[in-house]
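S.K.: My structure file target.txt, compact mmCIF, C-alpha atoms and all ligand atoms, is below:
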```
# COMPACT_ATOMS: atom_id res chain seq x y z
CA MET A 1 -38.56 0.14 6.00
CA LEU A 2 -35.71 0.99 8.35
CA GLU A 3 -32.77 2.75 6.79
CA LEU A 4 -29.43 4.06 8.03
CA ARG A 5 -27.65 6.72 6.03
CA GLU A 6 -23.98 7.37 6.73
CA VAL A 7 -24.48 6.95 10.47
CA SER A 8 -21.47 7.53 12.73
CA LYS A 9 -20.86 7.43 16.47
CA SER A 10 -17.58 8.00 18.30
CA PHE A 11 -16.60 7.35 21.90
CA GLY A 12 -13.72 9.73 22.51
CA GLY A 13 -11.30 9.00 19.70
CA LEU A 14 -12.86 5.66 18.81
CA ARG A 15 -15.23 5.57 15.84
CA ALA A 16 -17.43 2.71 17.05
CA VAL A 17 -19.83 3.17 14.13
CA ASP A 18 -18.28 4.70 11.04
CA ARG A 19 -20.48 5.95 8.19
CA VAL A 20 -22.79 2.96 8.20
CA SER A 21 -25.47 2.82 5.52
CA ALA A 22 -27.88 -0.09 5.58
CA VAL A 23 -31.44 -1.02 4.72
CA PHE A 24 -33.58 -3.41 6.75
CA GLN A 25 -36.56 -4.72 4.79
CA PRO A 26 -39.90 -5.92 6.12
CA GLY A 27 -40.53 -9.62 5.70
CA ARG A 28 -36.82 -10.35 5.89
CA ILE A 29 -34.32 -11.55 8.43
CA THR A 30 -31.20 -9.44 8.17
CA ALA A 31 -28.12 -10.59 10.07
CA LEU A 32 -25.52 -8.24 11.46
CA ILE A 33 -22.24 -10.09 11.96
CA GLY A 34 -18.65 -9.22 12.73
CA PRO A 35 -15.95 -9.70 15.35
CA ASN A 36 -16.14 -8.49 18.96
CA GLY A 37 -16.03 -4.74 19.17
CA ALA A 38 -17.12 -4.28 15.55
CA GLY A 39 -19.89 -1.88 16.58
CA LYS A 40 -22.95 -4.10 16.22
CA THR A 41 -24.52 -3.40 19.60
CA THR A 42 -23.68 0.29 19.30
CA LEU A 43 -25.62 0.30 16.02
CA PHE A 44 -28.66 -1.15 17.85
CA HIS A 45 -28.28 1.49 20.58
CA LEU A 46 -28.34 4.16 17.86
CA ILE A 47 -31.45 2.76 16.17
CA GLY A 48 -33.21 2.34 19.52
CA GLY A 49 -32.50 5.90 20.69
CA VAL A 50 -30.28 4.78 23.59
CA LEU A 51 -27.44 6.62 21.86
CA GLN A 52 -27.65 9.49 19.39
CA PRO A 53 -25.58 9.48 16.19
CA ASP A 54 -22.93 12.16 15.73
CA GLU A 55 -23.67 12.19 12.03
CA GLY A 56 -26.07 10.62 9.58
CA ASP A 57 -29.76 9.80 9.54
CA ILE A 58 -31.86 6.95 10.84
CA LEU A 59 -35.12 6.74 8.91
CA TYR A 60 -38.14 4.59 9.62
CA ASN A 61 -40.91 4.65 7.01
CA GLY A 62 -39.53 8.00 5.93
CA LYS A 63 -39.59 9.46 9.46
CA ARG A 64 -36.30 10.61 10.98
CA LEU A 65 -35.62 8.89 14.29
CA ASN A 66 -32.59 11.01 15.21
CA GLY A 67 -33.05 12.70 18.56
CA LEU A 68 -36.00 10.60 19.73
CA PRO A 69 -35.73 8.99 23.20
CA PRO A 70 -35.93 5.18 23.42
CA TRP A 71 -39.57 5.09 24.54
CA LYS A 72 -40.66 7.13 21.51
CA VAL A 73 -38.70 4.89 19.17
CA ALA A 74 -40.40 1.89 20.80
CA ARG A 75 -43.82 3.52 20.38
CA LEU A 76 -43.14 3.87 16.67
CA GLY A 77 -42.83 0.09 16.48
CA ILE A 78 -39.15 -0.63 16.92
CA GLY A 79 -38.64 -3.25 19.61
CA ARG A 80 -35.48 -4.65 21.04
CA LEU A 81 -34.55 -8.00 22.51
CA PHE A 82 -31.62 -7.31 24.82
CA GLN A 83 -28.81 -9.76 25.42
CA ASP A 84 -29.70 -9.76 29.11
CA VAL A 85 -33.37 -10.64 28.64
CA ARG A 86 -35.55 -8.10 30.42
CA VAL A 87 -38.82 -9.44 31.80
CA PHE A 88 -40.63 -8.79 35.09
CA ARG A 89 -39.36 -11.73 37.08
CA LYS A 90 -42.06 -11.74 39.74
CA LEU A 91 -44.98 -11.35 37.32
CA SER A 92 -46.54 -14.31 35.58
CA ALA A 93 -45.90 -14.92 31.89
CA LEU A 94 -49.43 -13.69 31.14
CA GLU A 95 -48.97 -10.53 33.21
CA ASN A 96 -45.69 -9.91 31.42
CA ALA A 97 -47.48 -10.01 28.07
CA LEU A 98 -50.40 -7.93 29.36
CA THR A 99 -48.25 -5.14 30.76
CA ALA A 100 -46.61 -4.70 27.36
CA PHE A 101 -49.80 -3.55 25.62
CA PRO A 102 -49.75 0.20 25.05
CA ASN A 103 -52.50 2.63 26.11
CA GLN A 104 -54.75 0.56 28.32
CA LEU A 105 -57.77 2.37 29.70
CA GLY A 106 -57.42 0.63 33.06
CA GLU A 107 -54.13 2.40 33.65
CA SER A 108 -55.91 5.67 34.38
CA PRO A 109 -57.71 5.53 37.77
CA LEU A 110 -60.38 8.03 36.71
CA TRP A 111 -61.14 6.19 33.51
CA SER A 112 -61.38 2.87 35.27
CA ILE A 113 -64.09 4.28 37.55
CA LEU A 114 -66.05 6.21 34.92
CA GLN A 115 -65.81 3.59 32.24
CA ARG A 116 -65.89 0.42 34.32
CA PRO A 117 -67.75 -1.82 31.80
CA LYS A 118 -65.58 -0.63 28.95
CA VAL A 119 -62.43 -1.23 30.98
CA VAL A 120 -63.56 -4.74 31.89
CA ARG A 121 -64.34 -5.52 28.23
CA GLN A 122 -60.95 -4.19 27.23
CA GLU A 123 -59.23 -6.29 29.88
CA VAL A 124 -60.96 -9.43 28.67
CA ALA A 125 -59.92 -8.67 25.11
CA ALA A 126 -56.35 -7.90 26.19
CA THR A 127 -56.12 -11.16 28.14
CA GLU A 128 -57.32 -13.04 25.07
CA ARG A 129 -54.69 -11.34 22.90
CA ALA A 130 -51.98 -11.95 25.49
CA ARG A 131 -52.88 -15.64 25.63
CA ARG A 132 -52.72 -15.83 21.82
CA LEU A 133 -49.25 -14.29 21.89
CA LEU A 134 -48.12 -16.75 24.55
CA ALA A 135 -49.51 -19.58 22.43
CA PHE A 136 -47.62 -18.21 19.43
CA VAL A 137 -44.29 -18.36 21.27
CA GLY A 138 -45.18 -21.73 22.84
CA LEU A 139 -45.61 -20.55 26.42
CA LEU A 140 -49.35 -20.88 26.93
CA GLU A 141 -48.91 -23.73 29.40
CA MET A 142 -46.72 -21.45 31.55
CA ALA A 143 -49.15 -18.50 31.41
CA ASP A 144 -49.61 -18.41 35.19
CA ASP A 145 -46.04 -19.23 36.17
CA PRO A 146 -43.79 -16.42 37.40
CA ALA A 147 -41.31 -15.37 34.72
CA GLU A 148 -38.40 -16.21 37.02
CA SER A 149 -39.43 -19.88 36.99
CA LEU A 150 -39.01 -20.05 33.19
CA SER A 151 -35.78 -21.21 31.60
CA TYR A 152 -33.50 -18.58 30.05
CA GLY A 153 -34.69 -19.55 26.57
CA GLN A 154 -38.34 -19.37 27.63
CA GLN A 155 -37.68 -15.91 29.07
CA LYS A 156 -36.33 -14.88 25.67
CA LEU A 157 -39.55 -16.16 24.09
CA LEU A 158 -41.53 -14.21 26.65
CA ALA A 159 -39.53 -11.08 25.86
CA ILE A 160 -40.40 -11.61 22.18
CA ALA A 161 -44.10 -11.96 23.10
CA ARG A 162 -43.82 -8.64 24.98
CA LEU A 163 -42.31 -6.95 21.93
CA LEU A 164 -45.22 -8.20 19.83
CA ALA A 165 -47.73 -7.05 22.45
CA ALA A 166 -46.12 -3.61 22.35
CA GLY A 167 -46.84 -3.52 18.61
CA SER A 168 -43.27 -3.86 17.37
CA GLU A 169 -42.95 -4.12 13.60
CA VAL A 170 -39.16 -4.06 13.71
CA LEU A 171 -37.41 -6.53 16.00
CA LEU A 172 -33.79 -5.84 16.90
CA LEU A 173 -32.48 -9.06 18.40
CA ASP A 174 -29.03 -9.18 20.00
CA GLU A 175 -27.90 -12.82 19.84
CA PRO A 176 -31.36 -14.36 20.31
CA THR A 177 -30.05 -17.92 20.47
CA ALA A 178 -26.97 -17.34 22.63
CA GLY A 179 -26.93 -19.36 25.84
CA VAL A 180 -29.97 -21.52 25.09
CA ASN A 181 -30.05 -25.23 24.31
CA PRO A 182 -30.18 -26.37 20.66
CA GLU A 183 -33.84 -27.32 20.80
CA MET A 184 -34.83 -23.95 22.25
CA ALA A 185 -32.63 -22.21 19.67
CA LYS A 186 -34.62 -24.02 16.98
CA SER A 187 -37.93 -22.80 18.42
CA ILE A 188 -36.65 -19.23 18.61
CA LEU A 189 -35.45 -19.35 15.00
CA ASN A 190 -38.77 -20.81 13.87
CA ILE A 191 -40.60 -17.97 15.53
CA LEU A 192 -38.35 -15.42 13.84
CA ARG A 193 -39.02 -17.07 10.49
CA GLN A 194 -42.74 -16.97 11.09
CA LEU A 195 -42.59 -13.30 12.10
CA ALA A 196 -40.69 -12.50 8.93
CA LYS A 197 -43.40 -14.27 6.94
CA GLU A 198 -45.96 -12.04 8.62
CA GLY A 199 -44.04 -9.03 7.38
CA LYS A 200 -42.00 -8.05 10.43
CA THR A 201 -38.55 -6.58 9.95
CA ASN A 202 -36.08 -8.78 11.82
CA VAL A 203 -32.53 -7.67 12.48
CA VAL A 204 -30.37 -10.23 14.24
CA ILE A 205 -26.89 -9.83 15.69
CA GLU A 206 -25.48 -13.32 15.44
CA HIS A 207 -22.12 -14.95 16.15
CA ASP A 208 -23.10 -18.45 15.06
CA MET A 209 -22.46 -18.67 11.32
CA GLY A 210 -24.55 -21.84 11.10
CA VAL A 211 -27.53 -19.84 12.31
CA VAL A 212 -26.74 -17.03 9.87
CA MET A 213 -26.65 -19.48 6.97
CA GLU A 214 -29.91 -21.00 8.11
CA ILE A 215 -32.07 -17.95 8.66
CA ALA A 216 -30.63 -14.79 7.13
CA ASP A 217 -31.98 -13.35 3.89
CA TRP A 218 -29.31 -10.68 3.87
CA VAL A 219 -26.06 -10.20 5.80
CA TYR A 220 -24.11 -7.10 6.78
CA PHE A 221 -20.58 -7.77 7.91
CA MET A 222 -19.17 -5.11 10.24
CA ASP A 223 -15.59 -4.58 11.27
CA ASP A 224 -14.03 -1.58 13.01
CA GLY A 225 -17.31 0.31 12.86
CA GLN A 226 -17.74 -0.09 9.12
CA ILE A 227 -19.82 -2.35 6.93
CA VAL A 228 -17.14 -4.11 4.91
CA ALA A 229 -19.28 -6.70 3.12
CA GLN A 230 -22.94 -7.35 2.43
CA GLY A 231 -24.96 -9.85 0.47
CA THR A 232 -26.67 -13.20 0.83
CA PRO A 233 -25.20 -15.47 3.54
CA GLU A 234 -23.55 -17.55 0.82
CA GLU A 235 -21.93 -14.49 -0.71
CA VAL A 236 -20.71 -12.93 2.54
CA LEU A 237 -19.59 -16.11 4.30
CA GLY A 238 -18.05 -17.36 1.07
CA ASP A 239 -16.09 -14.16 0.52
CA ALA A 240 -12.39 -15.03 0.69
CA THR A 241 -11.40 -11.80 2.46
CA VAL A 242 -14.16 -12.13 5.04
CA ARG A 243 -13.25 -15.74 5.69
CA ALA A 244 -9.53 -15.13 5.96
CA ALA A 245 -9.53 -11.87 7.84
CA TYR A 246 -12.44 -12.17 10.20
CA LEU A 247 -13.75 -15.67 10.58
CA GLY A 248 -10.40 -17.41 10.84
CA LEU A 249 -11.48 -20.03 8.33
N1 LIG B 1 -20.35 3.45 26.05
C1 LIG B 1 -19.16 3.24 25.48
N2 LIG B 1 -18.10 4.01 25.80
C2 LIG B 1 -16.90 3.82 25.21
N3 LIG B 1 -16.65 2.88 24.30
C3 LIG B 1 -17.66 2.07 23.95
C4 LIG B 1 -18.97 2.20 24.51
N4 LIG B 1 -19.77 1.25 23.97
C5 LIG B 1 -19.02 0.56 23.09
N5 LIG B 1 -17.75 1.05 23.07
C6 LIG B 1 -16.67 0.57 22.20
O1 LIG B 1 -17.13 0.64 20.87
C7 LIG B 1 -16.70 -0.48 20.11
C8 LIG B 1 -17.90 -1.22 19.56
O2 LIG B 1 -18.56 -1.90 20.63
P1 LIG B 1 -19.87 -2.76 20.43
O3 LIG B 1 -20.32 -3.16 21.77
O4 LIG B 1 -20.82 -2.02 19.59
O5 LIG B 1 -19.31 -4.02 19.63
P2 LIG B 1 -20.04 -5.37 19.22
O6 LIG B 1 -19.86 -5.50 17.75
O7 LIG B 1 -21.41 -5.38 19.75
O8 LIG B 1 -19.14 -6.47 19.96
P3 LIG B 1 -19.57 -7.88 20.62
O9 LIG B 1 -19.65 -8.84 19.47
O10 LIG B 1 -18.42 -8.17 21.52
O11 LIG B 1 -20.86 -7.71 21.35
C9 LIG B 1 -15.83 -1.31 21.05
O12 LIG B 1 -14.49 -0.95 20.84
C10 LIG B 1 -16.30 -0.88 22.43
O13 LIG B 1 -15.28 -1.03 23.37
MG MG B 2 -22.48 -6.63 21.12
```
Would you mind giving the structure from this file in structure tokens?
M.R.:
Amino acid sequence: MLELREVSKSFGGLRAVDRVSAVFQPGRITALIGPNGAGKTTLFHLIGGVLQPDEGDILYNGKRLNGLPPWKVARLGIGRLFQDVRVFRKLSALENALTAFPNQLGESPLWSILQRPKVVRQEVAATERARRLLAFVGLLEMADDPAESLSYGQQKLLAIARLLAAGSEVLLLDEPTAGVNPEMAKSILNILRQLAKEGKTNVVIEHDMGVVMEIADWVYFMDDGQIVAQGTPEEVLGDATVRAAYLGL
């Protein structure tokens, strides 16, 4: 379980994240919503170790994440899908998935010489796992295509496959369906649902309230750095204050 306790972060005089407490449960899709500048992305930066909180604690399975650099946070199983999808454009889809696996023997030159048969066996197994992940996100047919030849939505799917290859148990997704066509958006949402069923912790920043209604188990509504409402999508989106003040409905 991922938990934030009274987490704050200021930029100069601006409290971008202001005493935020929240719980993100495994097996659930939690949506983080709120107007531009509410502090949603900053909250992801804090969880991911890109920024450090001024105050408060970030706990993951009881372990304090405060002070850890991004790569250590990632190693602990917290993966992030960035708004500007980050894949290796020149590598094939399969290579993109393969390079995301942690701790491969073949990475060490000495090991690859001394333990050649073991390395080969491990590479075969890794390729098999990478292909299964590509199949899971629906990209198996593009396994050998360079990532840059994939559509934007397919690159997002590939980035998700990379997060899974890296062993992420928590997925922090910043607008996963933004900028993709409706059919692709559906596939991405289906994959998120399936991952939640498998017990992953999904946290989604989302501007499309239709999507929130459709997939979120729990919603946190942020404004001015604070969580001002939380509940089921029906509760939060139905809240008169939320509707009037922030959604313009
Ligand atoms: N590195 C930074 N330096 C100074 N101010 C920042 C920095 N990053 C974010 N801010 C400010 O903090 C506030 C929260 O920004 P943030 O990007 O977290 O909002 P957001 O909820 O993700 O908005 P959007 O929906 O537009 O993506 C904004 O006022 C923003 O201008
Ligand atoms: Mg943002």
S.K.: Return as a PyMOL selection string the residues of protein, DNA or RNA that approach ligand MG 2 (chain B) to within 12 Å, with all atoms listed in the file taken into account.
M.R.: chain A and resi 16+32-45+82-84+173-176+178+204-207+222+225
S.K.: Find, counting all atoms listed in the file, the residue in A:Leu46, A:Ile188, A:Leu2, A:Leu134 that gets nearest to ligand LIG 1 (chain B).
M.R.: A:Leu46
S.K.: So what do you get for CA of Ala100 in chain A versus CA of Arg86 in chain A, distance-wise?
M.R.: 12.0 Å
S.K.: Suppose you want the space between CA of Met142 in chain A and CA of Gln122 in chain A; what is it in Å?
M.R.: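 So the two atoms, CA of Met142 in chain A and CA of Gln122 in chain A, lie 22.8 Å apart.
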S.K.: Which one of A:Ser149, A:Asn96, A:Gln154, A:Asn103 sits closest to Arg131 in chain A if you count all atoms listed in the file?
M.R.: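 Smallest distance to Arg131 in chain A is found for A:Asn96.
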S.K.: Report the distance between CA of Gln155 in chain A and atom O11 of ligand LIG 1 (chain B) in Å, rounded to one decimal place.
M.R.: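 Between CA of Gln155 in chain A and atom O11 of ligand LIG 1 (chain B) the gap is 20.2 Å.
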S.K.: Can you pull out the residues contacting range 135-140 of chain A? Cut-off 7 Å, using all atoms listed in the file, and skip same-chain residues under 5 positions away; I want them as a ChimeraX atom specification.
M.R.: /A:157,161,191
S.K.: Selected residues, C-alpha atoms, written as a compact mmCIF listing (two decimals), in the frame of the given file, please.
M.R.:
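Contents of the output file again32.txt:
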```txt
# COMPACT_ATOMS: atom_id res chain seq x y z
CA LEU A 157 -39.55 -16.16 24.09
CA ALA A 161 -44.10 -11.96 23.10
CA ILE A 191 -40.60 -17.97 15.53
```
S.K.: Contacts of range 228-239 of chain A at 9 Å or less, counting only C-alpha atoms, minus same-chain residues fewer than 4 places along, as a PyMOL selection string?
M.R.: chain A and resi 31+209+212-223+243-244+247
S.K.: Keeping only C-alpha atoms, write the selected residues to a file as a PDB file, in the coordinates of the input.
M.R.:
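Final output, out27.pdb:
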```pdb
ATOM      1  CA  ALA A  31     -28.120 -10.590  10.070  1.00  0.00           C
ATOM      2  CA  MET A 209     -22.460 -18.670  11.320  1.00  0.00           C
ATOM      3  CA  VAL A 212     -26.740 -17.030   9.870  1.00  0.00           C
ATOM      4  CA  MET A 213     -26.650 -19.480   6.970  1.00  0.00           C
ATOM      5  CA  GLU A 214     -29.910 -21.000   8.110  1.00  0.00           C
ATOM      6  CA  ILE A 215     -32.070 -17.950   8.660  1.00  0.00           C
ATOM      7  CA  ALA A 216     -30.630 -14.790   7.130  1.00  0.00           C
ATOM      8  CA  ASP A 217     -31.980 -13.350   3.890  1.00  0.00           C
ATOM      9  CA  TRP A 218     -29.310 -10.680   3.870  1.00  0.00           C
ATOM     10  CA  VAL A 219     -26.060 -10.200   5.800  1.00  0.00           C
ATOM     11  CA  TYR A 220     -24.110  -7.100   6.780  1.00  0.00           C
ATOM     12  CA  PHE A 221     -20.580  -7.770   7.910  1.00  0.00           C
ATOM     13  CA  MET A 222     -19.170  -5.110  10.240  1.00  0.00           C
ATOM     14  CA  ASP A 223     -15.590  -4.580  11.270  1.00  0.00           C
ATOM     15  CA  ARG A 243     -13.250 -15.740   5.690  1.00  0.00           C
ATOM     16  CA  ALA A 244      -9.530 -15.130   5.960  1.00  0.00           C
ATOM     17  CA  LEU A 247     -13.750 -15.670  10.580  1.00  0.00           C
TER      18      LEU A 247
END
```
S.K.: Ranking A:Ser108, A:Thr127, A:Asn61, A:Ser10 by minimum distance to ligand LIG 1 (chain B) and counting all atoms listed in the file, which one comes first?
M.R.: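 The answer is A:Ser10, which sits nearest to ligand LIG 1 (chain B).
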S.K.: Can you tell me, as a CSV table (one decimal) with C-alpha atoms, in the frame of the given file, what residues are no more than 10 Å from Asp54 in chain A when counting only C-alpha atoms, ignoring any on the same chain fewer than 5 positions away?
M.R.:
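Resulting contents of out_6.csv:
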```csv
chain,number,residue,atom,x,y,z
A,7,VAL,CA,-24.5,7.0,10.5
A,8,SER,CA,-21.5,7.5,12.7
A,9,LYS,CA,-20.9,7.4,16.5
A,10,SER,CA,-17.6,8.0,18.3
A,17,VAL,CA,-19.8,3.2,14.1
A,18,ASP,CA,-18.3,4.7,11.0
A,46,LEU,CA,-28.3,4.2,17.9
A,66,ASN,CA,-32.6,11.0,15.2
```
S.K.: Determine the nearest neighbour of ligand LIG 1 (chain B) from the options A:Ala143, A:Glu128, A:Lys197, A:Asp224, counting all atoms listed in the file.
M.R.: A:Asp224
S.K.: Considering all atoms listed in the file, return as a ChimeraX atom specification whatever protein or nucleic-acid residues lie within 9 Å of Glu95 in chain A, sequence-local ones (same chain, fewer than 3 positions apart) excluded.
M.R.: /A:88,91-92,98-100,127,130,143-144,146
